[in-house]
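Below is one structure, written out as structure tokens; the observations come after it.
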Amino acid sequence: MLSAQYAPGEVEQRRYEQWVADGLFTADAASDKPAFAIVLPPPNVTGSLHIGHALDHTVQDALIRRKRMQGFEALWLPGMDHAGIATQNVVERQLAASGQSRHDLGREAFVEKVWQWKAESGGKILGQMTRLGDSVDWSRERFTMDEGLSRAVLTIFKRLFDDGLIYRAERIINWCPRCLTALSDIEVEHSDDDGELVSIRYGDGADAIVVATTRAETMLGDTAVAVHPDDERYKHLVGTEVELPLTGRRIPIVADAHVDPAFGTGAVKVTPAHDPNDFEIGQRHGLPSLTIMDEHGVITVHGPFLGLDRFEARPAVVAALRAEGRIVAEKRPYTHAVGHCQRCGTTVEPRLSLQWFVKTEPLARAAGDAVRDGRVRVEPPELTKRYFGWVDNMHDWCISRQLWWGHRIPVWYGPQGEVVCVGPDEQPPAGDGWTQDQDVLDTWFSSALWPFSTLGWPDETPDLAKFYPTSVLVTGYDILFFWVARMMMFGLYAMDGRQPFDVVMLHGMVRDQHGKKMSKSFGNVVDPLDWIDRFGADATRFTLARGANPGADVPVSEEWVQGARNFCNKLWNATRFGLSNGATVEGDLPTGDLSTVDRWILSRLQHVIAEVDEQFEAYELAKVCDTLYHFAWDDVCDWYLELSKGAMTPQRQRVLGHVLDQLLRLLHPITPFVTEELWTTLTGAPTLVRASWPAADQALVDDAAEREVADLQRVVTEVRRFRADQGVKPAQKVVARLEGLDAAGLSAHEGLIRSLARLEAPGAEFAATAKLSVGVGVTVELDTRGTIDVAAERARLGKDQAAAEKEAAQCRAKLDNPAFTDKAPEPVVEKIRQRLAAAEADLARITGQLDAL
RNA sequence: GGGCGCGUAGCUCAGUGGAAGAGCACCCGCCUUACAAGCGGGGGGUCGUUGGUUCGAACCCAACCGUGCCCA
């Protein structure tokens, strides 16, 4: 027998272990069933799962579990990425605690240490995934640094290199002076920071020109001043030279169309080695690039400032200029966008350096085309614009990182300046003087291969044949650009134009109950493990799924997860009621001699199955949850079970068993644990994980039964309303006579109406003190023994009257308008006519009751 | 500065041309033998503002105000 309350802690771990032990999540590449595959966006091996992961995983698990039940060969492939910078940072911090640096250990020993950390940290995430109930295929778990995936990295690098799509060049890149590595554009986060805007006069007298800058210290590396070619103010100066203050160097004044004449004075200083725009100006005009900082952001030139950090150098340079009378204006604070390292927050320094790049133009065009021509669908479609915005304006991708943890760039340099890219099955060149590139690849370079490297590529494995392209990729819209675009580029390139996935389903970010971003500093972070401990995995999942409107952020709160927990408990108790009342799934579902109430609930069930299927296909998980929540709670619990109390028949027991069976199946993808526990108890079958998904049966749709029960509900509700307004206690029975049941087609349900509305049959001395007329044509005469509260009744009827009057007036206004009756479609006009008739009938009825009071 | 969203009940959100909805919160009454993690009833919104299109606008168009995100 089931306990009175659902206790998730007693169910979850046991069930999960059994599922895994039984191999229920293991996919079979040799199966004849159609494939449905999802690759899990790999979490960072260094991190832990936060509530955003829980959302992402819940959505994927719901999709994969349903497909598995639908008879697909369903594969959900898990794994992690190696998170180059983050992981190296963690291990370096550990070393620093004992006063060591990675250089003390040497490259090999350091990498060995990182592997140890990976074993420790990675296990944590895997444990968290089991707590969520993720139905992933653990036998196929992968890691971006494992042997197979590393081979994939080498293979694609070599292929891109040979195709001329990977090149090495000296460019301005984003440099983190703390992590001491290059970063790609997407590893830089911009924020509006307070700074200063300083206007500096270069040159003197008639030839003086004023430039404004937020980075005064970079003037030490200026090699030109630029103005717009059409700017009349400066035309006479173009081609001349001006003396650069503090340095004594003379620099040219050049004309460049990219200068905005409206900004500041219209003249800009040009520092090609420390600003990407200036670098381009420098290229166009053949200007030298003068690097004035080292890798730590420390000034390396010009005596007085030598050795100063860039942020110390700034005020020092301004002070020196002020001493020379060259500061024309200063604005402080001056808010402007500043780039920060995504990993450590340090202000990024644009730095001229020699790096490896992927030439993205042809790859990005193909990635855009795959969506443009419909081979890949983005859900929700509104977000395709953002996708195009990214792939159509992509810069070349800097892929080299000055780290030790990652895939080392497979390029060797020879003594004569040779550059050789070594493929996965090739031997590096032997002999003296050959060295391998010191750098490793961006983590995203290997993550971009995830949808096919995890399936065995570059080998032509059965997995790859069966499961590529994967069916749907689920991730947050915040990494649409970070990752999705790159998987598209590499997938299309490596797999001969075959897309890595058919659908990209984007969800939002989890926020708190006021729509605020979760952050440690704000103290509103939810730990999914904490919720699972306190409310259960199913409640946590349901809370997230119920908020998962496509593309929209998902607000959650403790109140809501309580509500979800309550819902799980409701299911528990509904099944408990069923079991103690003989609900069964044995034998065929009787269809011949069913009562109206049974036909009604079966009919409702068919609508719900159809709706849920539609909603799942549209990735509308929030709506799936809403539909099932209301069906379970309103239709099944509040009405069907209540109508069944004291009215159990063998047919009813079979129908009730069927309804519970189907409901639990429909909910299983969202709330796997409680449904598994209940369903196996109800049916005696071993597991719901691979039970078949319900299919709607049109033959069971019964409009007449639905109408009849709706009328029954209306009578009961009207009486309950009267009772509540009259202050009649719920337990108190009221003597009443029901009239008009025959005409309303409800005579068979008098007993049900009496029990749900708590009405007793009239005796000989019955004297009606109140008369209630329900819209469906039923009149209820009640004997309240003279305790009728006339004022309360008048108020109640008054409200009804006002509502009916308003309705009638609205309809009449429409029908009196010839423009409406002429132009509106006939069904609409007819509907309004019917509404008017109904409103007028209500009005007459209510007015009659008021008069009778 | 450029681009993309969003503004509907106290809170969080559905609804995208023909009757203003849900969950939670709130108010009233109840331990009615599945469930107090519950049951019954109820109040609450000129759908951001102003114009326009339409017989008809929360929904389409324009402008404005507020707000969020991405990019520079």
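Following the order of the structure tokens, first chain is A, next is B, and so on, with residues numbered from 1 inside each chain and ligands from 1 in the order they appear.
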Non-local contacts of B:C59 (12 Å; only C-alpha atoms (C1' of nucleotides); under 4 positions in same chain excluded) as a CSV table (one decimal) with all heavy atoms, in the first residue's frame:
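So the final result, stored in result-v3.csv, reads:
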```csv
chain,number,residue,atom,x,y,z
B,8,U,P,2.8,44.0,-18.4
B,8,U,OP1,2.5,44.7,-17.2
B,8,U,OP2,3.6,42.8,-18.4
B,8,U,O5',1.5,43.6,-19.2
B,8,U,C5',0.4,44.5,-19.2
B,8,U,C4',-0.9,43.8,-19.2
B,8,U,O4',-1.0,43.0,-20.4
B,8,U,C3',-1.1,42.8,-18.1
B,8,U,O3',-1.5,43.4,-16.9
B,8,U,C2',-2.2,41.9,-18.7
B,8,U,O2',-3.4,42.5,-18.7
B,8,U,C1',-1.6,41.8,-20.1
B,8,U,N1,-0.7,40.6,-20.3
B,8,U,C2,-1.2,39.4,-20.4
B,8,U,O2,-2.4,39.1,-20.4
B,8,U,N3,-0.3,38.4,-20.5
B,8,U,C4,1.1,38.5,-20.6
B,8,U,O4,1.8,37.5,-20.7
B,8,U,C5,1.5,39.9,-20.4
B,8,U,C6,0.7,40.8,-20.3
B,15,G,P,1.7,32.7,-26.3
B,15,G,OP1,2.1,31.7,-27.4
B,15,G,OP2,2.5,33.9,-26.1
B,15,G,O5',0.2,33.1,-26.5
B,15,G,C5',-0.8,32.2,-26.9
B,15,G,C4',-2.2,32.7,-26.6
B,15,G,O4',-2.2,33.3,-25.3
B,15,G,C3',-2.6,33.9,-27.6
B,15,G,O3',-3.2,33.4,-28.8
B,15,G,C2',-3.6,34.6,-26.7
B,15,G,O2',-4.9,34.1,-26.8
B,15,G,C1',-3.1,34.5,-25.3
B,15,G,N9,-2.3,35.6,-24.9
B,15,G,C8,-0.9,35.7,-24.8
B,15,G,N7,-0.5,36.9,-24.4
B,15,G,C5,-1.7,37.6,-24.2
B,15,G,C6,-1.9,38.9,-23.7
B,15,G,O6,-1.1,39.8,-23.4
B,15,G,N1,-3.3,39.3,-23.7
B,15,G,C2,-4.3,38.4,-24.0
B,15,G,N2,-5.5,38.9,-23.9
B,15,G,N3,-4.1,37.2,-24.4
B,15,G,C4,-2.8,36.8,-24.5
B,16,U,P,-2.4,33.5,-30.2
B,16,U,OP1,-2.2,32.1,-30.6
B,16,U,OP2,-1.3,34.4,-30.1
B,16,U,O5',-3.4,34.0,-31.3
B,16,U,C5',-4.1,35.2,-31.3
B,16,U,C4',-3.3,36.3,-32.0
B,16,U,O4',-2.3,36.8,-31.1
B,16,U,C3',-2.4,35.9,-33.2
B,16,U,O3',-3.0,36.5,-34.4
B,16,U,C2',-1.1,36.5,-33.0
B,16,U,O2',-0.6,37.3,-34.1
B,16,U,C1',-1.2,37.3,-31.8
B,16,U,N1,0.0,37.3,-30.9
B,16,U,C2,0.2,38.3,-30.0
B,16,U,O2,-0.6,39.2,-29.9
B,16,U,N3,1.3,38.2,-29.2
B,16,U,C4,2.3,37.2,-29.3
B,16,U,O4,3.2,37.3,-28.6
B,16,U,C5,2.0,36.2,-30.3
B,16,U,C6,0.9,36.2,-31.0
B,17,G,P,-4.1,35.7,-35.3
B,17,G,OP1,-4.3,34.5,-34.7
B,17,G,OP2,-3.7,35.9,-36.7
B,17,G,O5',-5.4,36.6,-35.1
B,17,G,C5',-5.3,37.9,-35.1
B,17,G,C4',-6.5,38.5,-34.5
B,17,G,O4',-6.7,39.8,-35.2
B,17,G,C3',-7.8,37.8,-34.6
B,17,G,O3',-8.5,37.9,-33.3
B,17,G,C2',-8.6,38.7,-35.6
B,17,G,O2',-10.0,38.8,-35.2
B,17,G,C1',-8.0,40.0,-35.5
B,17,G,N9,-8.1,40.9,-36.6
B,17,G,C8,-7.7,40.6,-37.9
B,17,G,N7,-7.9,41.6,-38.7
B,17,G,C5,-8.4,42.6,-37.9
B,17,G,C6,-8.9,43.9,-38.2
B,17,G,O6,-8.9,44.5,-39.3
B,17,G,N1,-9.3,44.6,-37.1
B,17,G,C2,-9.4,44.0,-35.8
B,17,G,N2,-9.9,44.8,-34.9
B,17,G,N3,-9.0,42.8,-35.5
B,17,G,C4,-8.5,42.2,-36.6
B,18,G,P,-9.2,36.6,-32.7
B,18,G,OP1,-9.7,37.1,-31.4
B,18,G,OP2,-8.4,35.5,-32.9
B,18,G,O5',-10.5,36.4,-33.6
B,18,G,C5',-11.7,35.8,-33.1
B,18,G,C4',-12.4,36.9,-32.4
B,18,G,O4',-12.7,38.0,-33.3
B,18,G,C3',-13.8,36.4,-31.9
B,18,G,O3',-14.0,37.0,-30.6
B,18,G,C2',-14.8,36.9,-32.9
B,18,G,O2',-15.9,37.6,-32.3
B,18,G,C1',-14.1,38.0,-33.6
B,18,G,N9,-14.2,38.0,-35.1
B,18,G,C8,-13.7,37.0,-36.0
B,18,G,N7,-13.9,37.4,-37.2
B,18,G,C5,-14.6,38.6,-37.2
B,18,G,C6,-15.1,39.4,-38.2
B,18,G,O6,-15.0,39.2,-39.4
B,18,G,N1,-15.7,40.5,-37.7
B,18,G,C2,-15.8,40.8,-36.4
B,18,G,N2,-16.4,42.0,-36.1
B,18,G,N3,-15.3,40.1,-35.4
B,18,G,C4,-14.8,39.0,-35.9
B,47,C,P,-6.9,48.2,-21.5
B,47,C,OP1,-6.2,49.5,-21.7
B,47,C,OP2,-7.6,47.6,-22.5
B,47,C,O5',-5.8,47.2,-21.0
B,47,C,C5',-4.4,47.6,-20.7
B,47,C,C4',-3.6,46.4,-20.9
B,47,C,O4',-4.4,45.2,-21.0
B,47,C,C3',-2.8,46.4,-22.2
B,47,C,O3',-1.4,46.3,-21.9
B,47,C,C2',-3.3,45.3,-23.1
B,47,C,O2',-2.3,44.6,-23.7
B,47,C,C1',-4.0,44.4,-22.0
B,47,C,N1,-5.2,43.7,-22.5
B,47,C,C2,-5.0,42.3,-22.8
B,47,C,O2,-3.9,41.8,-22.7
B,47,C,N3,-6.1,41.6,-23.2
B,47,C,C4,-7.3,42.2,-23.3
B,47,C,N4,-8.3,41.4,-23.6
B,47,C,C5,-7.5,43.5,-23.0
B,47,C,C6,-6.4,44.2,-22.6
```
With a cut-off of 8 Å and counting only C-alpha atoms (C1' of nucleotides), select all residues of chain A in contact with chain B and give the selection as a short mmCIF file (atom, residue, chain, number, x, y, z; two decimals) with all heavy atoms, in the first residue's frame.
```cif
data_model
loop_
_atom_site.label_atom_id
_atom_site.label_comp_id
_atom_site.auth_asym_id
_atom_site.auth_seq_id
_atom_site.Cartn_x
_atom_site.Cartn_y
_atom_site.Cartn_z
N ALA A 4 0.69 7.96 2.56
CA ALA A 4 -0.22 9.08 2.31
C ALA A 4 0.46 10.23 1.57
O ALA A 4 -0.20 11.10 1.02
CB ALA A 4 -0.81 9.58 3.62
N GLN A 5 1.78 10.24 1.60
CA GLN A 5 2.49 11.29 0.88
C GLN A 5 3.63 10.71 0.07
O GLN A 5 4.24 9.72 0.46
CB GLN A 5 3.06 12.32 1.87
CG GLN A 5 2.01 13.28 2.40
CD GLN A 5 2.63 14.41 3.18
OE1 GLN A 5 3.78 14.34 3.56
NE2 GLN A 5 1.85 15.45 3.41
N ARG A 386 18.86 36.40 -35.20
CA ARG A 386 20.08 36.58 -34.41
C ARG A 386 21.17 35.64 -34.90
O ARG A 386 22.35 35.97 -34.89
CB ARG A 386 19.79 36.35 -32.93
CG ARG A 386 19.08 37.54 -32.32
CD ARG A 386 18.64 37.26 -30.92
NE ARG A 386 19.76 37.32 -29.98
CZ ARG A 386 19.60 37.44 -28.67
NH1 ARG A 386 18.40 37.48 -28.14
NH2 ARG A 386 20.64 37.49 -27.87
N GLN A 513 12.18 34.79 -9.11
CA GLN A 513 10.75 35.04 -9.27
C GLN A 513 10.43 36.48 -9.69
O GLN A 513 9.28 36.79 -9.98
CB GLN A 513 9.98 34.69 -7.99
CG GLN A 513 10.30 35.56 -6.80
CD GLN A 513 11.41 34.94 -5.94
OE1 GLN A 513 12.43 34.52 -6.43
NE2 GLN A 513 11.18 34.91 -4.64
N HIS A 514 11.45 37.34 -9.72
CA HIS A 514 11.21 38.70 -10.19
C HIS A 514 11.90 38.94 -11.52
O HIS A 514 12.09 40.09 -11.93
CB HIS A 514 11.67 39.71 -9.15
CG HIS A 514 10.93 39.59 -7.85
ND1 HIS A 514 9.57 39.82 -7.77
CD2 HIS A 514 11.32 39.21 -6.62
CE1 HIS A 514 9.18 39.62 -6.51
NE2 HIS A 514 10.22 39.23 -5.81
N GLY A 515 12.27 37.85 -12.17
CA GLY A 515 12.89 37.98 -13.49
C GLY A 515 14.33 38.44 -13.42
O GLY A 515 14.92 38.81 -14.43
N PRO A 555 11.51 31.98 -15.15
CA PRO A 555 11.59 32.38 -13.76
C PRO A 555 11.17 31.23 -12.85
O PRO A 555 10.25 30.48 -13.17
CB PRO A 555 10.59 33.54 -13.66
CG PRO A 555 9.65 33.34 -14.79
CD PRO A 555 10.31 32.47 -15.81
N GLU A 559 8.33 28.99 -4.05
CA GLU A 559 6.88 28.78 -4.01
C GLU A 559 6.42 27.90 -5.16
O GLU A 559 5.52 27.08 -5.03
CB GLU A 559 6.15 30.12 -4.10
CG GLU A 559 6.22 30.94 -2.83
CD GLU A 559 5.78 32.37 -3.04
OE1 GLU A 559 5.56 32.77 -4.21
OE2 GLU A 559 5.68 33.10 -2.04
N TRP A 560 7.05 28.10 -6.31
CA TRP A 560 6.61 27.35 -7.48
C TRP A 560 7.04 25.90 -7.42
O TRP A 560 6.33 25.01 -7.87
CB TRP A 560 7.10 28.05 -8.75
CG TRP A 560 6.57 29.45 -8.87
CD1 TRP A 560 5.48 29.95 -8.18
CD2 TRP A 560 7.08 30.52 -9.62
NE1 TRP A 560 5.29 31.27 -8.50
CE2 TRP A 560 6.26 31.65 -9.38
CE3 TRP A 560 8.14 30.66 -10.51
CZ2 TRP A 560 6.47 32.90 -9.98
CZ3 TRP A 560 8.35 31.90 -11.10
CH2 TRP A 560 7.53 33.00 -10.84
N GLN A 562 7.36 24.30 -4.74
CA GLN A 562 6.42 23.70 -3.79
C GLN A 562 5.15 23.28 -4.50
O GLN A 562 4.61 22.20 -4.25
CB GLN A 562 6.06 24.70 -2.70
CG GLN A 562 7.04 24.71 -1.54
CD GLN A 562 6.76 25.85 -0.56
OE1 GLN A 562 5.65 26.37 -0.52
NE2 GLN A 562 7.77 26.23 0.19
N GLY A 563 4.68 24.15 -5.38
CA GLY A 563 3.47 23.83 -6.15
C GLY A 563 3.68 22.58 -6.99
O GLY A 563 2.79 21.73 -7.08
N ARG A 565 5.82 20.18 -6.32
CA ARG A 565 5.88 19.07 -5.37
C ARG A 565 4.45 18.65 -5.00
O ARG A 565 4.12 17.46 -4.95
CB ARG A 565 6.66 19.54 -4.14
CG ARG A 565 6.95 18.47 -3.09
CD ARG A 565 5.97 18.48 -1.93
NE ARG A 565 5.54 19.79 -1.49
CZ ARG A 565 6.02 20.42 -0.41
NH1 ARG A 565 6.98 19.87 0.30
NH2 ARG A 565 5.52 21.59 -0.07
N ASN A 566 3.60 19.63 -4.78
CA ASN A 566 2.21 19.33 -4.46
C ASN A 566 1.53 18.58 -5.60
O ASN A 566 0.70 17.69 -5.36
CB ASN A 566 1.43 20.62 -4.18
CG ASN A 566 1.95 21.35 -2.96
OD1 ASN A 566 2.82 20.84 -2.25
ND2 ASN A 566 1.43 22.53 -2.70
N PHE A 567 1.87 18.95 -6.80
CA PHE A 567 1.28 18.28 -7.95
C PHE A 567 1.70 16.80 -8.00
O PHE A 567 0.88 15.92 -8.24
CB PHE A 567 1.69 18.99 -9.25
CG PHE A 567 1.18 18.31 -10.49
CD1 PHE A 567 -0.19 18.16 -10.70
CD2 PHE A 567 2.05 17.83 -11.44
CE1 PHE A 567 -0.66 17.53 -11.84
CE2 PHE A 567 1.59 17.20 -12.58
CZ PHE A 567 0.22 17.04 -12.78
N ASN A 569 2.49 15.04 -5.53
CA ASN A 569 1.76 14.40 -4.44
C ASN A 569 0.30 14.15 -4.82
O ASN A 569 -0.31 13.16 -4.41
CB ASN A 569 1.85 15.27 -3.19
CG ASN A 569 1.35 14.54 -1.96
OD1 ASN A 569 1.79 13.44 -1.68
ND2 ASN A 569 0.41 15.15 -1.26
N LYS A 570 -0.24 15.05 -5.60
CA LYS A 570 -1.62 14.90 -6.06
C LYS A 570 -1.73 13.65 -6.94
O LYS A 570 -2.67 12.85 -6.80
CB LYS A 570 -2.03 16.14 -6.84
CG LYS A 570 -3.52 16.24 -7.15
CD LYS A 570 -4.31 16.59 -5.92
CE LYS A 570 -5.80 16.72 -6.23
NZ LYS A 570 -6.59 16.82 -5.00
N ASN A 573 -1.62 10.59 -4.81
CA ASN A 573 -2.85 10.29 -4.08
C ASN A 573 -3.99 9.90 -5.01
O ASN A 573 -4.85 9.11 -4.62
CB ASN A 573 -3.23 11.47 -3.20
CG ASN A 573 -2.54 11.40 -1.86
OD1 ASN A 573 -2.85 10.54 -1.06
ND2 ASN A 573 -1.56 12.26 -1.66
N ALA A 574 -3.98 10.44 -6.20
CA ALA A 574 -5.01 10.04 -7.15
C ALA A 574 -4.83 8.55 -7.49
O ALA A 574 -5.81 7.79 -7.53
CB ALA A 574 -4.90 10.88 -8.43
N THR A 575 -3.57 8.16 -7.69
CA THR A 575 -3.32 6.75 -7.98
C THR A 575 -3.64 5.89 -6.76
O THR A 575 -4.19 4.79 -6.88
CB THR A 575 -1.85 6.56 -8.40
OG1 THR A 575 -1.56 7.48 -9.44
CG2 THR A 575 -1.61 5.14 -8.89
N ARG A 576 -3.31 6.41 -5.61
CA ARG A 576 -3.61 5.70 -4.37
C ARG A 576 -5.11 5.46 -4.24
O ARG A 576 -5.56 4.37 -3.90
CB ARG A 576 -3.13 6.56 -3.19
CG ARG A 576 -2.94 5.81 -1.91
CD ARG A 576 -1.93 6.54 -1.04
NE ARG A 576 -2.53 7.68 -0.37
CZ ARG A 576 -2.98 7.64 0.88
NH1 ARG A 576 -2.95 6.53 1.58
NH2 ARG A 576 -3.50 8.72 1.43
N PHE A 577 -5.87 6.47 -4.54
CA PHE A 577 -7.32 6.33 -4.52
C PHE A 577 -7.77 5.27 -5.52
O PHE A 577 -8.60 4.40 -5.22
CB PHE A 577 -7.99 7.67 -4.84
CG PHE A 577 -9.49 7.60 -4.99
CD1 PHE A 577 -10.31 7.74 -3.88
CD2 PHE A 577 -10.08 7.38 -6.24
CE1 PHE A 577 -11.69 7.65 -4.00
CE2 PHE A 577 -11.45 7.29 -6.37
CZ PHE A 577 -12.26 7.44 -5.26
N GLY A 578 -7.20 5.34 -6.71
CA GLY A 578 -7.56 4.37 -7.73
C GLY A 578 -7.27 2.95 -7.28
O GLY A 578 -8.12 2.06 -7.40
N ARG A 720 -23.17 25.11 -5.25
CA ARG A 720 -22.07 25.37 -4.33
C ARG A 720 -21.89 26.87 -4.12
O ARG A 720 -21.59 27.33 -3.02
CB ARG A 720 -20.77 24.80 -4.90
CG ARG A 720 -20.65 23.29 -4.74
CD ARG A 720 -19.41 22.81 -5.47
NE ARG A 720 -19.15 21.41 -5.24
CZ ARG A 720 -18.23 20.71 -5.90
NH1 ARG A 720 -17.49 21.31 -6.83
NH2 ARG A 720 -18.04 19.44 -5.65
N ARG A 721 -22.06 27.62 -5.19
CA ARG A 721 -21.92 29.07 -5.11
C ARG A 721 -22.99 29.65 -4.18
O ARG A 721 -22.71 30.47 -3.33
CB ARG A 721 -22.10 29.66 -6.52
CG ARG A 721 -21.03 30.64 -6.90
CD ARG A 721 -21.34 31.22 -8.26
NE ARG A 721 -21.56 32.65 -8.15
CZ ARG A 721 -22.30 33.35 -8.98
NH1 ARG A 721 -22.95 32.75 -9.97
NH2 ARG A 721 -22.43 34.65 -8.82
N ALA A 724 -22.11 28.78 -0.60
CA ALA A 724 -21.02 29.59 -0.05
C ALA A 724 -21.50 30.99 0.25
O ALA A 724 -21.21 31.55 1.31
CB ALA A 724 -19.85 29.63 -1.04
N ASP A 725 -22.28 31.56 -0.67
CA ASP A 725 -22.76 32.93 -0.45
C ASP A 725 -23.73 32.99 0.72
O ASP A 725 -23.83 34.00 1.41
CB ASP A 725 -23.44 33.45 -1.72
CG ASP A 725 -22.41 33.77 -2.80
OD1 ASP A 725 -21.21 33.89 -2.45
OD2 ASP A 725 -22.79 33.86 -3.97
N GLY A 727 -23.48 31.16 3.29
CA GLY A 727 -22.78 30.80 4.51
C GLY A 727 -23.15 29.42 5.03
O GLY A 727 -22.99 29.14 6.22
N LYS A 729 -22.46 25.80 5.85
CA LYS A 729 -21.21 25.08 6.08
C LYS A 729 -21.11 23.91 5.09
O LYS A 729 -22.11 23.26 4.77
CB LYS A 729 -21.17 24.51 7.50
CG LYS A 729 -21.28 25.57 8.58
CD LYS A 729 -20.03 26.40 8.70
CE LYS A 729 -20.13 27.41 9.83
NZ LYS A 729 -19.30 28.60 9.59
N PRO A 730 -19.90 23.60 4.65
CA PRO A 730 -19.73 22.52 3.67
C PRO A 730 -20.35 21.20 4.13
O PRO A 730 -20.89 20.45 3.32
CB PRO A 730 -18.22 22.39 3.56
CG PRO A 730 -17.71 23.74 3.90
CD PRO A 730 -18.65 24.30 4.94
N ALA A 731 -20.26 20.91 5.42
CA ALA A 731 -20.74 19.60 5.89
C ALA A 731 -22.26 19.55 5.97
O ALA A 731 -22.85 18.47 6.02
CB ALA A 731 -20.14 19.28 7.25
N ASN A 817 -25.20 46.99 -35.61
CA ASN A 817 -24.29 47.69 -36.51
C ASN A 817 -24.30 47.00 -37.87
O ASN A 817 -23.81 45.89 -38.02
CB ASN A 817 -22.88 47.66 -35.90
CG ASN A 817 -21.87 48.37 -36.79
OD1 ASN A 817 -22.22 48.88 -37.85
ND2 ASN A 817 -20.64 48.40 -36.34
N PRO A 818 -24.90 47.65 -38.88
CA PRO A 818 -25.00 47.00 -40.20
C PRO A 818 -23.62 46.67 -40.77
O PRO A 818 -23.46 45.69 -41.50
CB PRO A 818 -25.70 48.05 -41.07
CG PRO A 818 -26.06 49.19 -40.20
CD PRO A 818 -25.44 49.02 -38.85
N ALA A 819 -22.65 47.49 -40.45
CA ALA A 819 -21.31 47.22 -40.96
C ALA A 819 -20.83 45.85 -40.48
O ALA A 819 -20.16 45.12 -41.21
CB ALA A 819 -20.34 48.31 -40.49
N PHE A 820 -21.21 45.52 -39.26
CA PHE A 820 -20.80 44.23 -38.71
C PHE A 820 -21.54 43.09 -39.40
O PHE A 820 -20.94 42.15 -39.90
CB PHE A 820 -21.05 44.19 -37.20
CG PHE A 820 -20.83 42.82 -36.59
CD1 PHE A 820 -19.55 42.33 -36.44
CD2 PHE A 820 -21.91 42.05 -36.19
CE1 PHE A 820 -19.33 41.07 -35.89
CE2 PHE A 820 -21.71 40.79 -35.65
CZ PHE A 820 -20.41 40.30 -35.50
N THR A 821 -22.89 43.21 -39.45
CA THR A 821 -23.67 42.11 -40.01
C THR A 821 -23.38 41.93 -41.51
O THR A 821 -23.45 40.83 -42.02
CB THR A 821 -25.18 42.33 -39.79
OG1 THR A 821 -25.50 43.69 -40.13
CG2 THR A 821 -25.53 42.09 -38.34
N ASP A 822 -23.03 43.03 -42.17
CA ASP A 822 -22.73 42.92 -43.60
C ASP A 822 -21.36 42.32 -43.87
O ASP A 822 -21.18 41.51 -44.77
CB ASP A 822 -22.80 44.31 -44.26
CG ASP A 822 -24.22 44.83 -44.30
OD1 ASP A 822 -25.13 44.04 -43.99
OD2 ASP A 822 -24.41 46.02 -44.62
N LYS A 823 -20.37 42.75 -43.08
CA LYS A 823 -18.99 42.43 -43.43
C LYS A 823 -18.39 41.25 -42.67
O LYS A 823 -17.50 40.59 -43.18
CB LYS A 823 -18.10 43.66 -43.23
CG LYS A 823 -18.45 44.80 -44.16
CD LYS A 823 -17.42 45.89 -44.10
CE LYS A 823 -17.81 47.05 -45.02
NZ LYS A 823 -16.85 48.15 -44.97
N ALA A 824 -18.88 41.03 -41.47
CA ALA A 824 -18.30 39.92 -40.70
C ALA A 824 -18.77 38.60 -41.29
O ALA A 824 -19.87 38.50 -41.82
CB ALA A 824 -18.71 40.03 -39.24
N VAL A 828 -19.43 34.02 -37.53
CA VAL A 828 -19.17 34.94 -36.42
C VAL A 828 -20.46 35.63 -36.01
O VAL A 828 -20.78 35.75 -34.83
CB VAL A 828 -18.10 35.98 -36.83
CG1 VAL A 828 -17.93 37.02 -35.74
CG2 VAL A 828 -16.77 35.28 -37.11
#
```
Using only C-alpha atoms (C1' of nucleotides), which residues sit within 12 Å of stretch 841-844 of chain A once same-chain residues fewer than 6 positions away are excluded, as a list in words?
-> Ser773, Val774, Gly775, Val776, Gly777, Leu797, Gly798, Lys799, Asp800, Gln801, Ala802, Ala803, Ala804, Glu805, Lys806, Glu807, Ala808, Ala809, Gln834, Arg835, Leu850 and Asp851 of chain A
What's the 10 Å shell around A:Gln732, counting only C-alpha atoms (C1' of nucleotides), without same-chain residues fewer than 5 positions away, as a ChimeraX atom specification?
-> /A:723,758-760 /B:32
Members of stretch 31-190 of chain A assigned helix (DSSP H, G or I) by DSSP, as a ChimeraX atom specification = /A:51-69,84-97,102-105,107-132,138-140,147-162,185-187
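When atom CA of A:Asp230 is paired with atom CA of A:Gly248, their separation reads 28.8 Å.
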Go through B:G66, B:G2, B:G43, B:G48 one by one, measure the shortest atom-to-atom distance of each to B:C26 using only C-alpha atoms (C1' of nucleotides), and give the residue with the smallest value.
->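 For B:C26, the nearest of the given residues is B:G43.
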Just list the residues in stretch 355-538 of chain A DSSP gives strand (DSSP E or B) on the backbone, as a VMD selection string.
-> chain A and resid 355 to 358 377 to 379 397 to 398 400 to 401 408 411 to 413 419 to 421 435 to 436 440 to 441 470 to 476 501 to 507 510 to 511 517
